[in-house]
$ cat my_file-v8.cif   # mmCIF, C-alpha atoms
data_protein
#
loop_
_atom_site.label_atom_id
_atom_site.label_comp_id
_atom_site.auth_asym_id
_atom_site.auth_seq_id
_atom_site.Cartn_x
_atom_site.Cartn_y
_atom_site.Cartn_z
CA MET N 1 11.19 20.57 -117.38
CA THR N 2 11.01 17.40 -119.40
CA ASP N 3 13.79 14.89 -119.05
CA GLY N 4 11.73 12.10 -120.48
CA PRO N 5 12.10 10.28 -123.74
CA GLU N 6 12.05 11.97 -127.08
CA PRO N 7 8.52 12.24 -128.42
CA VAL N 8 7.51 9.40 -130.64
CA ALA N 9 4.48 9.94 -132.85
CA SER N 10 3.06 6.60 -131.81
CA SER N 11 0.54 4.93 -134.04
CA TRP N 12 -1.77 2.01 -133.51
CA THR N 13 -0.22 -1.38 -133.89
CA THR N 14 -0.99 -4.99 -133.12
CA ALA N 15 -0.01 -6.90 -130.01
CA ALA N 16 -0.14 -10.67 -129.85
CA VAL N 17 -1.05 -11.99 -126.41
CA ARG N 18 1.74 -14.43 -125.41
CA GLU N 19 0.98 -14.98 -121.72
CA VAL N 20 -2.11 -14.55 -119.55
CA GLU N 21 -1.93 -14.99 -115.80
CA HIS N 22 -4.86 -14.37 -113.47
CA LEU N 23 -4.06 -13.21 -109.96
CA GLY N 24 -7.31 -14.01 -108.21
CA ASP N 25 -10.34 -12.00 -109.27
CA ASP N 26 -8.59 -8.67 -108.97
CA TYR N 27 -5.78 -8.68 -111.51
CA VAL N 28 -4.76 -10.18 -114.82
CA LYS N 29 -1.21 -10.05 -116.11
CA LEU N 30 -0.89 -9.84 -119.90
CA ARG N 31 2.42 -10.25 -121.70
CA LEU N 32 2.31 -8.91 -125.24
CA GLU N 33 4.46 -9.16 -128.32
CA VAL N 34 4.07 -5.71 -129.86
CA ALA N 35 4.61 -5.28 -133.61
CA ASP N 36 6.86 -2.38 -134.66
CA ARG N 37 7.57 -1.70 -131.02
CA HIS N 38 9.33 1.41 -129.71
CA ASP N 39 11.28 0.99 -126.47
CA HIS N 40 9.59 2.57 -123.49
CA VAL N 41 10.98 4.47 -120.55
CA PRO N 42 9.88 3.10 -117.14
CA GLY N 43 6.67 4.84 -116.07
CA GLN N 44 5.12 5.08 -119.55
CA HIS N 45 1.87 3.41 -120.56
CA TYR N 46 0.11 1.77 -123.46
CA VAL N 47 -3.42 2.29 -124.70
CA VAL N 48 -5.39 -0.88 -125.43
CA ARG N 49 -8.30 -0.54 -127.85
CA LEU N 50 -11.06 -3.11 -128.26
CA ARG N 51 -13.18 -3.17 -131.40
CA ALA N 52 -16.67 -4.68 -131.72
CA PRO N 53 -18.08 -6.08 -134.98
CA ASP N 54 -20.22 -2.94 -135.47
CA GLY N 55 -17.16 -0.69 -135.27
CA TYR N 56 -17.73 0.42 -131.68
CA THR N 57 -14.45 0.84 -129.82
CA ALA N 58 -13.40 1.19 -126.21
CA GLN N 59 -9.90 2.08 -125.10
CA ARG N 60 -8.07 2.45 -121.79
CA SER N 61 -4.54 3.23 -120.68
CA TYR N 62 -2.43 0.74 -118.72
CA SER N 63 0.99 1.32 -117.19
CA ILE N 64 3.82 -0.89 -118.37
CA ALA N 65 5.31 -3.21 -115.74
CA SER N 66 8.13 -4.66 -117.81
CA ASP N 67 11.73 -3.58 -118.14
CA PRO N 68 12.46 -1.89 -121.48
CA ALA N 69 14.83 -4.76 -122.28
CA ASP N 70 12.10 -7.37 -121.84
CA PRO N 71 11.22 -8.85 -125.24
CA LEU N 72 7.55 -8.69 -124.24
CA VAL N 73 5.49 -5.77 -122.89
CA GLU N 74 3.87 -6.65 -119.58
CA LEU N 75 0.65 -5.03 -118.40
CA MET N 76 -1.00 -5.70 -115.03
CA VAL N 77 -4.67 -4.89 -115.34
CA GLU N 78 -6.83 -4.32 -112.29
CA CYS N 79 -10.35 -5.58 -112.89
CA LEU N 80 -12.77 -2.83 -112.02
CA PRO N 81 -16.43 -3.45 -111.18
CA ARG N 82 -18.37 -3.43 -114.46
CA GLY N 83 -15.10 -2.50 -116.19
CA GLU N 84 -15.84 -2.62 -119.89
CA VAL N 85 -12.21 -3.05 -120.95
CA SER N 86 -10.62 -4.49 -117.81
CA GLY N 87 -13.42 -7.04 -117.48
CA PHE N 88 -12.92 -8.17 -121.06
CA LEU N 89 -9.15 -8.44 -120.59
CA HIS N 90 -9.73 -10.50 -117.45
CA ASP N 91 -12.57 -12.73 -118.61
CA VAL N 92 -12.18 -13.21 -122.35
CA VAL N 93 -8.61 -12.66 -123.56
CA GLU N 94 -6.58 -15.80 -124.21
CA VAL N 95 -3.07 -16.57 -125.37
CA GLY N 96 -2.94 -16.10 -129.13
CA ASP N 97 -5.47 -13.25 -129.28
CA GLU N 98 -4.51 -10.02 -130.97
CA LEU N 99 -5.17 -6.59 -129.46
CA GLU N 100 -4.84 -3.11 -130.90
CA VAL N 101 -2.34 -1.11 -128.85
CA ARG N 102 -0.64 2.23 -128.99
CA GLY N 103 2.42 3.36 -127.10
CA PRO N 104 4.58 3.97 -125.30
CA ILE N 105 2.84 7.17 -124.16
CA GLY N 106 3.67 9.81 -121.56
CA ARG N 107 6.84 11.77 -120.95
CA TRP N 108 6.17 13.16 -117.48
CA PHE N 109 5.62 10.24 -115.11
CA VAL N 110 8.86 8.56 -116.20
CA TRP N 111 12.13 7.69 -114.52
CA GLY N 112 15.20 7.89 -116.73
CA GLY N 113 17.43 6.07 -114.25
CA THR N 114 19.62 8.86 -112.91
CA THR N 115 17.50 11.04 -110.59
CA PRO N 116 17.43 9.92 -106.94
CA SER N 117 13.74 9.25 -106.44
CA LEU N 118 11.10 7.98 -104.05
CA CYS N 119 8.09 6.12 -105.45
CA VAL N 120 4.91 5.78 -103.41
CA ALA N 121 2.19 3.47 -104.71
CA GLY N 122 -1.30 2.60 -103.59
CA GLY N 123 -2.53 -0.81 -104.75
CA SER N 124 -2.40 -1.16 -108.52
CA GLY N 125 -0.49 2.13 -108.62
CA VAL N 126 2.59 -0.02 -108.13
CA VAL N 127 2.71 -1.10 -111.78
CA PRO N 128 4.82 1.75 -113.26
CA PHE N 129 7.21 1.41 -110.32
CA VAL N 130 7.71 -2.29 -111.10
CA SER N 131 9.07 -1.24 -114.49
CA MET N 132 11.33 1.30 -112.77
CA MET N 133 12.53 -1.33 -110.23
CA ARG N 134 13.31 -3.88 -112.92
CA TYR N 135 15.20 -1.24 -114.87
CA ALA N 136 17.14 -0.15 -111.78
CA ARG N 137 18.06 -3.75 -111.04
CA ARG N 138 19.37 -4.36 -114.53
CA MET N 139 21.35 -1.11 -114.50
CA GLY N 140 22.61 -1.63 -110.94
CA THR N 141 21.13 1.68 -109.82
CA GLU N 142 18.83 0.43 -107.07
CA PRO N 143 20.18 2.99 -104.53
CA LEU N 144 18.68 5.75 -106.70
CA LEU N 145 15.15 4.34 -106.54
CA ARG N 146 13.30 3.78 -103.28
CA VAL N 147 9.84 2.27 -103.38
CA VAL N 148 6.94 2.38 -100.92
CA ALA N 149 3.75 0.44 -101.58
CA ALA N 150 0.51 0.50 -99.62
CA ALA N 151 -2.43 -1.86 -99.89
CA GLN N 152 -5.17 -3.26 -97.71
CA THR N 153 -3.75 -6.78 -97.67
CA ARG N 154 -0.92 -8.76 -99.26
CA ALA N 155 -3.37 -10.32 -101.68
CA ARG N 156 -4.43 -6.86 -102.91
CA LEU N 157 -0.87 -5.85 -103.80
CA PRO N 158 0.37 -7.20 -107.14
CA TYR N 159 4.09 -7.97 -107.38
CA ILE N 160 4.38 -8.09 -103.58
CA ASP N 161 7.11 -10.75 -103.61
CA GLU N 162 9.13 -8.78 -106.12
CA LEU N 163 8.62 -5.59 -104.12
CA GLU N 164 9.88 -7.26 -100.96
CA SER N 165 12.91 -8.79 -102.65
CA TYR N 166 13.75 -5.35 -104.06
CA GLY N 167 13.63 -3.93 -100.55
CA ALA N 168 10.50 -1.85 -100.98
CA PHE N 169 8.75 -0.64 -97.85
CA VAL N 170 5.30 -2.24 -97.76
CA ALA N 171 2.51 -0.79 -95.60
CA LEU N 172 -0.62 -2.90 -95.15
CA THR N 173 -3.67 -1.13 -93.81
CA ARG N 174 -5.80 -4.15 -92.88
CA GLU N 175 -3.25 -6.84 -91.98
CA ASN N 176 -0.48 -6.92 -89.43
CA GLN N 177 2.92 -7.68 -90.91
CA PRO N 178 5.71 -9.65 -89.26
CA LEU N 179 8.99 -7.72 -89.51
CA ALA N 180 12.54 -9.03 -89.87
CA ASP N 181 13.41 -8.19 -86.25
CA GLY N 182 10.60 -10.40 -84.96
CA SER N 183 8.25 -7.55 -84.17
CA GLU N 184 5.11 -6.69 -86.05
CA ARG N 185 3.88 -3.66 -87.98
CA VAL N 186 0.30 -3.16 -86.89
CA ALA N 187 -2.11 -2.57 -89.75
CA ALA N 188 -2.06 1.15 -90.53
CA HIS N 189 -1.58 3.59 -93.34
CA ILE N 190 1.88 4.98 -94.05
CA TYR N 191 3.14 7.22 -91.25
CA PRO N 192 5.11 10.37 -92.10
CA ASP N 193 7.88 9.04 -89.83
CA GLU N 194 8.15 5.98 -92.07
CA LEU N 195 8.77 8.22 -95.10
CA VAL N 196 11.34 10.53 -93.51
CA PRO N 197 14.40 8.22 -93.90
CA LEU N 198 13.27 7.17 -97.38
CA ALA N 199 12.83 10.78 -98.50
CA ASP N 200 16.32 11.75 -97.35
CA GLY N 201 18.41 12.88 -100.31
CA ILE N 202 15.79 12.37 -103.00
CA GLU N 203 15.32 14.93 -105.76
CA ARG N 204 11.96 13.70 -106.99
CA ALA N 205 8.93 11.82 -105.71
CA TYR N 206 6.44 9.85 -107.76
CA VAL N 207 3.00 9.08 -106.38
CA CYS N 208 0.59 6.72 -108.13
CA GLY N 209 -2.76 5.59 -106.80
CA SER N 210 -6.36 6.60 -106.32
CA VAL N 211 -7.34 10.24 -105.94
CA GLY N 212 -7.72 9.83 -102.18
CA PHE N 213 -4.41 8.01 -101.87
CA VAL N 214 -2.53 10.67 -103.82
CA SER N 215 -4.04 13.42 -101.71
CA PHE N 216 -3.07 11.57 -98.51
CA VAL N 217 0.48 10.87 -99.67
CA GLY N 218 0.92 14.46 -100.86
CA ARG N 219 0.14 15.59 -97.32
CA ILE N 220 2.49 13.18 -95.56
CA LEU N 221 5.29 13.78 -98.07
CA GLY N 222 5.01 17.43 -97.11
CA GLU N 223 5.24 16.47 -93.44
CA ALA N 224 8.31 14.38 -94.28
CA GLY N 225 9.95 17.45 -95.79
CA VAL N 226 9.45 16.78 -99.50
CA ARG N 227 8.79 19.91 -101.57
CA SER N 228 5.51 19.73 -103.47
CA ASP N 229 7.11 20.94 -106.72
CA THR N 230 9.29 17.81 -106.80
CA VAL N 231 6.26 15.51 -106.72
CA ARG N 232 4.93 13.93 -109.92
CA VAL N 233 1.49 12.41 -109.74
CA GLU N 234 -0.48 9.78 -111.60
CA GLN N 235 -3.92 9.10 -110.24
CA PHE N 236 -7.02 7.22 -111.23
CA GLY N 237 -10.53 6.52 -110.07
CA PRO N 238 -13.57 8.70 -109.47
CA THR N 239 -14.01 11.28 -106.78
CA GLY N 240 -17.02 11.20 -104.51
CA MET D 1 -8.14 -2.69 -137.84
CA ALA D 2 -9.54 -6.09 -137.07
CA VAL D 3 -12.41 -6.80 -134.72
CA THR D 4 -11.29 -7.93 -131.26
CA ARG D 5 -12.28 -11.57 -130.78
CA GLY D 6 -15.19 -11.89 -128.36
CA PHE D 7 -15.70 -8.15 -127.77
CA THR D 8 -19.16 -6.66 -128.10
CA GLY D 9 -18.87 -3.75 -125.68
CA ARG D 10 -21.42 -2.11 -123.48
CA PRO D 11 -25.01 -1.82 -124.70
CA ARG D 12 -25.41 0.99 -127.21
CA ARG D 13 -27.72 3.78 -126.13
CA GLY D 14 -29.60 6.62 -127.74
CA ASP D 15 -27.06 9.10 -126.39
CA ASP D 16 -24.26 7.56 -128.40
CA ASP D 17 -24.24 10.38 -130.95
CA ARG D 18 -23.15 12.66 -128.12
CA LEU D 19 -20.05 10.55 -127.54
CA PRO D 20 -16.94 11.39 -129.57
CA PRO D 21 -15.09 8.33 -130.90
CA GLY D 22 -13.45 6.17 -128.24
CA GLN D 23 -15.24 7.89 -125.34
CA TYR D 24 -17.64 6.46 -122.75
CA ASP D 25 -20.30 8.10 -120.58
CA THR D 26 -19.01 8.36 -117.02
CA GLY D 27 -22.51 9.07 -115.68
CA ALA D 28 -22.73 10.91 -112.41
CA SER D 29 -19.08 10.49 -111.49
CA TRP D 30 -16.43 13.06 -112.32
CA PRO D 31 -12.97 11.52 -112.41
CA THR D 32 -9.94 13.70 -111.75
CA LEU D 33 -6.53 13.50 -113.33
CA THR D 34 -3.64 15.77 -112.56
CA ALA D 35 0.12 15.58 -112.94
CA GLU D 36 0.81 17.45 -109.74
CA LEU D 37 -0.36 17.67 -106.17
CA THR D 38 -3.59 19.62 -105.77
CA PRO D 39 -2.92 23.14 -104.47
CA HIS D 40 -5.27 24.65 -101.91
CA LEU D 41 -5.51 28.29 -102.90
CA ASP D 42 -6.95 31.14 -100.89
CA VAL D 43 -9.16 33.20 -103.20
CA ASP D 44 -7.68 36.33 -101.64
CA ASP D 45 -4.29 35.33 -103.05
CA TRP D 46 -5.58 34.44 -106.52
CA THR D 47 -5.48 36.78 -109.50
CA MET D 48 -6.27 36.42 -113.20
CA THR D 49 -4.06 38.15 -115.76
CA VAL D 50 -4.57 38.56 -119.50
CA ASP D 51 -1.49 39.95 -121.20
CA GLY D 52 0.84 39.51 -124.14
CA LEU D 53 -0.47 40.78 -127.47
CA VAL D 54 -3.34 42.79 -126.03
CA ASP D 55 -3.96 46.54 -125.95
CA THR D 56 -4.37 46.77 -122.20
CA PRO D 57 -2.83 44.02 -120.08
CA THR D 58 -5.19 43.51 -117.15
CA THR D 59 -5.19 41.68 -113.85
CA TRP D 60 -8.37 40.92 -111.92
CA ASP D 61 -8.66 39.75 -108.35
CA TRP D 62 -11.43 37.48 -107.05
CA ARG D 63 -13.86 40.37 -106.51
CA GLY D 64 -12.96 42.03 -109.77
CA VAL D 65 -13.63 38.96 -111.86
CA HIS D 66 -16.97 38.43 -110.11
CA ALA D 67 -17.96 42.00 -111.01
CA LEU D 68 -17.80 41.13 -114.72
CA PRO D 69 -20.97 39.98 -116.51
CA GLY D 70 -21.49 36.33 -115.62
CA SER D 71 -21.81 33.53 -118.12
CA SER D 72 -22.59 29.83 -117.94
CA TYR D 73 -21.86 26.76 -120.03
CA PHE D 74 -24.33 23.90 -120.14
CA GLY D 75 -23.23 20.82 -122.00
CA ASP D 76 -20.79 17.96 -122.23
CA ILE D 77 -17.10 17.62 -121.40
CA HIS D 78 -14.61 15.07 -122.74
CA CYS D 79 -11.38 13.84 -121.15
CA VAL D 80 -8.58 12.29 -123.21
CA THR D 81 -8.56 9.35 -120.79
CA THR D 82 -11.83 8.40 -122.55
CA TRP D 83 -14.55 9.52 -120.16
CA SER D 84 -17.18 12.03 -121.21
CA LYS D 85 -19.61 13.69 -118.84
CA PHE D 86 -22.97 14.89 -120.12
CA ASP D 87 -25.02 17.90 -119.08
CA THR D 88 -22.53 19.70 -116.89
CA THR D 89 -23.09 23.30 -115.83
CA PHE D 90 -20.21 25.67 -115.24
CA THR D 91 -20.53 29.30 -114.23
CA GLY D 92 -18.03 32.13 -114.39
CA VAL D 93 -17.16 34.64 -117.04
CA SER D 94 -16.57 34.14 -120.73
CA VAL D 95 -13.06 34.65 -122.06
CA ASP D 96 -14.65 36.99 -124.60
CA ALA D 97 -15.61 39.31 -121.74
CA LEU D 98 -12.00 39.41 -120.55
CA LEU D 99 -10.71 40.08 -124.06
CA ASP D 100 -13.32 42.82 -124.59
CA ILE D 101 -11.61 44.67 -121.76
CA THR D 102 -8.00 44.01 -122.74
CA GLY D 103 -8.46 44.23 -126.50
CA VAL D 104 -6.55 41.91 -128.81
CA THR D 105 -3.84 43.08 -131.19
CA SER D 106 -3.97 41.98 -134.81
CA GLU D 107 -0.78 39.88 -134.44
CA ALA D 108 -2.27 37.55 -131.80
CA THR D 109 -2.88 34.00 -133.06
CA HIS D 110 -2.48 31.77 -129.99
CA VAL D 111 -2.89 31.80 -126.25
CA PHE D 112 -0.65 30.24 -123.62
CA ALA D 113 -2.53 29.42 -120.41
CA THR D 114 -0.68 29.14 -117.09
CA SER D 115 -1.84 27.78 -113.74
CA THR D 116 -0.70 28.70 -110.26
CA THR D 117 1.16 25.36 -110.16
CA GLY D 118 3.14 26.15 -113.30
CA TYR D 119 0.97 23.86 -115.45
CA THR D 120 0.60 25.25 -118.97
CA THR D 121 -1.40 24.54 -122.10
CA ASN D 122 -1.51 26.10 -125.56
CA LEU D 123 -4.56 26.95 -127.66
CA PRO D 124 -5.28 28.71 -130.95
CA LEU D 125 -6.94 32.08 -130.31
CA ASP D 126 -9.95 30.93 -132.34
CA ASP D 127 -10.59 28.20 -129.76
CA ILE D 128 -11.03 30.61 -126.85
CA THR D 129 -13.05 33.33 -128.59
CA GLY D 130 -16.56 33.47 -129.98
CA GLY D 131 -18.35 31.95 -126.97
CA LYS D 132 -16.18 28.84 -126.76
CA ALA D 133 -14.21 29.39 -123.53
CA TRP D 134 -14.80 30.50 -119.96
CA ILE D 135 -13.04 31.17 -116.68
CA VAL D 136 -15.25 29.30 -114.20
CA TRP D 137 -15.61 29.03 -110.42
CA GLU D 138 -18.81 27.02 -110.10
CA ALA D 139 -19.71 23.53 -111.29
CA ASP D 140 -23.31 22.34 -111.09
CA GLY D 141 -24.17 25.24 -108.83
CA LYS D 142 -21.44 24.64 -106.26
CA PRO D 143 -18.03 26.25 -105.81
CA LEU D 144 -15.42 24.45 -107.88
CA THR D 145 -13.45 22.17 -105.55
CA PRO D 146 -9.63 22.20 -105.52
CA GLU D 147 -9.31 18.77 -107.15
CA HIS D 148 -11.43 19.97 -110.07
CA GLY D 149 -9.36 23.12 -110.46
CA GLY D 150 -10.96 25.40 -107.91
CA PRO D 151 -11.12 28.15 -107.07
CA VAL D 152 -10.96 29.00 -110.79
CA ARG D 153 -10.23 26.99 -113.91
CA LEU D 154 -10.23 27.56 -117.63
CA LEU D 155 -13.11 25.84 -119.46
CA VAL D 156 -12.78 25.01 -123.16
CA PRO D 157 -15.38 22.26 -123.43
CA HIS D 158 -15.14 21.62 -127.17
CA LEU D 159 -11.56 20.37 -126.71
CA TYR D 160 -10.20 17.52 -124.55
CA PHE D 161 -10.29 18.59 -120.95
CA TRP D 162 -6.56 18.94 -120.33
CA LYS D 163 -6.90 22.18 -122.29
CA SER D 164 -9.25 23.43 -119.55
CA ALA D 165 -6.35 24.28 -117.25
CA LYS D 166 -7.08 23.92 -113.55
CA TRP D 167 -6.06 26.72 -111.14
CA ILE D 168 -5.82 29.14 -114.06
CA THR D 169 -4.05 32.41 -113.34
CA ARG D 170 -2.84 33.79 -116.69
CA LEU D 171 -3.68 33.89 -120.39
CA GLU D 172 -0.88 35.24 -122.54
CA LEU D 173 -1.74 36.08 -126.15
CA ARG D 174 1.04 35.34 -128.60
CA ASP D 175 1.81 35.50 -132.32
CA HIS D 176 3.00 31.88 -132.38
CA ASP D 177 2.19 28.48 -130.92
CA GLU D 178 4.30 26.98 -128.15
CA GLN D 179 3.58 23.64 -126.53
CA GLY D 180 2.31 23.51 -122.97
CA PHE D 181 2.79 20.80 -120.36
CA TRP D 182 0.95 17.79 -121.77
CA GLU D 183 1.62 18.84 -125.34
CA ARG D 184 5.37 18.62 -124.68
CA ASN D 185 4.73 15.31 -122.98
CA GLY D 186 3.18 13.59 -125.96
CA TYR D 187 -0.35 14.96 -126.23
CA HIS D 188 -1.88 16.75 -129.20
CA ASP D 189 -1.48 20.48 -129.83
CA ARG D 190 -5.18 21.09 -130.46
CA GLY D 191 -7.10 18.18 -128.91
CA ASP D 192 -10.44 18.07 -130.75
CA PRO D 193 -12.32 15.04 -129.33
CA TRP D 194 -14.50 14.69 -132.46
CA LEU D 195 -11.35 14.30 -134.56
CA GLU D 196 -9.83 12.10 -131.82
CA GLN D 197 -6.72 14.28 -131.60
CA ARG D 198 -5.34 12.61 -128.48
CA TYR D 199 -1.60 12.32 -129.04
CA GLN D 200 1.14 13.99 -131.03
CA GLY D 201 0.94 12.53 -134.51
CA ASP D 202 -2.86 12.30 -134.66
CA ALA D 203 -4.24 14.08 -137.70
#

$ encode --input "my_file-v8.cif" --output "structure tokens"
Amino acid sequence: MTDGPEPVASSWTTAAVREVEHLGDDYVKLRLEVADRHDHVPGQHYVVRLRAPDGYTAQRSYSIASDPADPLVELMVECLPRGEVSGFLHDVVEVGDELEVRGPIGRWFVWGGTTPSLCVAGGSGVVPFVSMMRYARRMGTEPLLRVVAAAQTRARLPYIDELESYGAFVALTRENQPLADGSERVAAHIYPDELVPLADGIERAYVCGSVGFVSFVGRILGEAGVRSDTVRVEQFGPTG
Amino acid sequence: MAVTRGFTGRPRRGDDDRLPPGQYDTGASWPTLTAELTPHLDVDDWTMTVDGLVDTPTTWDWRGVHALPGSSYFGDIHCVTTWSKFDTTFTGVSVDALLDITGVTSEATHVFATSTTGYTTNLPLDDITGGKAWIVWEADGKPLTPEHGGPVRLLVPHLYFWKSAKWITRLELRDHDEQGFWERNGYHDRGDPWLEQRYQGDA
């Protein structure tokens, strides 16, 4: 059942913040130098823990965007409204700061590089797939990894340029997109027909996004002929 | 570990002694996390089996489990992803009531819980007996929705919530411990939130 990495009894360690890049108000990219680092498998995540002077702590999990061979660990943090941790990472953290981190964690939502797979992301759900894409590129196994990403607008989709250069299928729900053949994709959610050719021949599907997005994609993957027991899910956000 | 420069955190509140370390109060919202697509089960197709090291392996259907003496849990729940939810109410039947019917052999030490999806989780027998675990079909007075594990889920509220397997269909009593789904995938074998047993390797 598990073809992921061997379990590592990860412990807390220190990460030095080497790069901070804000992408508008919605995202901040952090590149970290992790002490005593264990290599990750694409799809895994780190936990970031913040500690106040009175000992209070807050911790959240963030998917890794970087290739395992990258000397730094890259996280892309979506800034949530009133987000205690994401807001701090966006507003306060500077190059040179040190953060407590733990990882890599997770052995289920991972791609080891050999299983023909389809990835479907909603918004910030694209982050673990960026790690998978970068890994596939370095290994020359791009044909084994197809990527679909949905977002309201281009500006709401981190890594959109990298996704497009990889050949990912991008579906915007609130902007029309010019296509290579001169036509236009009218703003709409992913259609099952758009997934059918991408799902052909895959042995596994990964879906990452909000609860509503995952539920929607699960339905249209079924319509596109993907068996539900081949679908691995990572979802976030509250339900109504 | 060192203090994080510039971090003070959210205002502390009187309820903080109800929060295990590293958790936050999610308020009225109830986040969901699953590793699989949510199944939509017909209650007429669902059954609950308790077997393994028991005297009388037993399977209940939807009506049969409702005919057992009902039991409710009122209190807090804690998810390993760091949210806690206060003052929840779940209604169903206690695991003790199921085990009263099946009996438990003296060799049994652990239980292996299985969902209709194939999801599994492992627990020491002591963590599901003595009024600590339920099979529930109602949350806050309403039928449990599919995304929260409906029609029926396991409830073990004193442990992190991945132990409260959604879409529960079987409890197998065993004389040994064997890791379930998240436990094989890096999470702790017991998962006590007050000891912060989140991942393999935590004390």

$ interface_residues --input "my_file-v8.cif" --of "chain D" --to "chain N" --cutoff "6 Å" --atoms "all atoms listed in the file" --output "ChimeraX atom specification"
/D:3-4,7-8,22,30-31,33,35-36,185-186,200-201

$ closest_atom_pairs --input "my_file-v8.cif" --of "region 98-179 of chain D" --to "region 54-77 of chain D" --cutoff "10 Å" --atoms "all atoms listed in the file" --output "JSON lines"
{"residue": "D:Leu98", "atom": "CA", "partner": "D:Leu68", "partner_atom": "CA", "distance": 8.4}
{"residue": "D:Leu99", "atom": "CA", "partner": "D:Val54", "partner_atom": "CA", "distance": 8.1}
{"residue": "D:Ile101", "atom": "CA", "partner": "D:Thr56", "partner_atom": "CA", "distance": 7.6}
{"residue": "D:Thr102", "atom": "CA", "partner": "D:Thr56", "partner_atom": "CA", "distance": 4.6}
{"residue": "D:Gly103", "atom": "CA", "partner": "D:Asp55", "partner_atom": "CA", "distance": 5.1}
{"residue": "D:Val104", "atom": "CA", "partner": "D:Val54", "partner_atom": "CA", "distance": 4.3}
{"residue": "D:Thr105", "atom": "CA", "partner": "D:Val54", "partner_atom": "CA", "distance": 5.2}
{"residue": "D:Ser106", "atom": "CA", "partner": "D:Val54", "partner_atom": "CA", "distance": 8.8}
{"residue": "D:Glu107", "atom": "CA", "partner": "D:Val54", "partner_atom": "CA", "distance": 9.3}
{"residue": "D:Ala108", "atom": "CA", "partner": "D:Val54", "partner_atom": "CA", "distance": 7.9}
{"residue": "D:Gly131", "atom": "CA", "partner": "D:Tyr73", "partner_atom": "CA", "distance": 9.3}
{"residue": "D:Lys132", "atom": "CA", "partner": "D:Tyr73", "partner_atom": "CA", "distance": 9.0}
{"residue": "D:Ala133", "atom": "CA", "partner": "D:Tyr73", "partner_atom": "CA", "distance": 8.8}
{"residue": "D:Trp134", "atom": "CA", "partner": "D:Ser71", "partner_atom": "CA", "distance": 7.9}
{"residue": "D:Ile135", "atom": "CA", "partner": "D:Val65", "partner_atom": "CA", "distance": 9.2}
{"residue": "D:Val136", "atom": "CA", "partner": "D:Ser72", "partner_atom": "CA", "distance": 8.3}
{"residue": "D:Trp137", "atom": "CA", "partner": "D:His66", "partner_atom": "CA", "distance": 9.5}
{"residue": "D:Glu138", "atom": "CA", "partner": "D:Ser72", "partner_atom": "CA", "distance": 9.1}
{"residue": "D:Ala139", "atom": "CA", "partner": "D:Tyr73", "partner_atom": "CA", "distance": 9.6}
{"residue": "D:Asp140", "atom": "CA", "partner": "D:Phe74", "partner_atom": "CA", "distance": 9.2}
{"residue": "D:Pro151", "atom": "CA", "partner": "D:Trp62", "partner_atom": "CA", "distance": 9.3}
{"residue": "D:Val152", "atom": "CA", "partner": "D:Trp62", "partner_atom": "CA", "distance": 9.3}
{"residue": "D:Leu155", "atom": "CA", "partner": "D:Tyr73", "partner_atom": "CA", "distance": 8.8}
{"residue": "D:Val156", "atom": "CA", "partner": "D:Ile77", "partner_atom": "CA", "distance": 8.7}
{"residue": "D:Pro157", "atom": "CA", "partner": "D:Ile77", "partner_atom": "CA", "distance": 5.3}
{"residue": "D:His158", "atom": "CA", "partner": "D:Ile77", "partner_atom": "CA", "distance": 7.3}
{"residue": "D:Leu159", "atom": "CA", "partner": "D:Ile77", "partner_atom": "CA", "distance": 8.2}
{"residue": "D:Tyr160", "atom": "CA", "partner": "D:Ile77", "partner_atom": "CA", "distance": 7.6}
{"residue": "D:Phe161", "atom": "CA", "partner": "D:Ile77", "partner_atom": "CA", "distance": 6.9}
{"residue": "D:Ser164", "atom": "CA", "partner": "D:Ile77", "partner_atom": "CA", "distance": 9.9}
{"residue": "D:Thr169", "atom": "CA", "partner": "D:Thr59", "partner_atom": "CA", "distance": 9.4}
{"residue": "D:Arg170", "atom": "CA", "partner": "D:Thr59", "partner_atom": "CA", "distance": 8.7}
{"residue": "D:Glu172", "atom": "CA", "partner": "D:Val54", "partner_atom": "CA", "distance": 8.7}
{"residue": "D:Leu173", "atom": "CA", "partner": "D:Val54", "partner_atom": "CA", "distance": 6.9}
{"residue": "D:Arg174", "atom": "CA", "partner": "D:Val54", "partner_atom": "CA", "distance": 9.0}

$ atom_distance --input "my_file-v8.cif" --atom1 "CA of Thr89 (chain D)" --atom2 "CA of Gly212 (chain N)"
24.6 Å

$ atom_distance --input "my_file-v8.cif" --atom1 "CA of Ile190 (chain N)" --atom2 "CA of Ala171 (chain N)"
6.0 Å

$ closest_residue --input "my_file-v8.cif" --among "D:Thr129, D:Gln197, D:Thr91, D:Gln23" --to "Lys142 (chain D)" --atoms "all atoms listed in the file"
D:Thr91

$ residues_around --input "my_file-v8.cif" --residues "Ser131 (chain N)" --least-positions-apart "2" --cutoff "7 Å" --atoms "all atoms listed in the file" --output "PyMOL selection string"
chain N and resi 42-43+64-67+127-129+133-135

$ resolve_selection --input "my_file-v8.cif" --expression "the PyMOL selection byres ((chain N and resi 152) around 12)" --output "ChimeraX atom specification"
/N:122-124,149-151,153-158,170-177,187-190

$ resolve_selection --input "my_file-v8.cif" --expression "the PyMOL selection byres ((chain D and resi 38) around 6)" --output "list in words"
Leu37, Pro39 and Glu147 of chain D
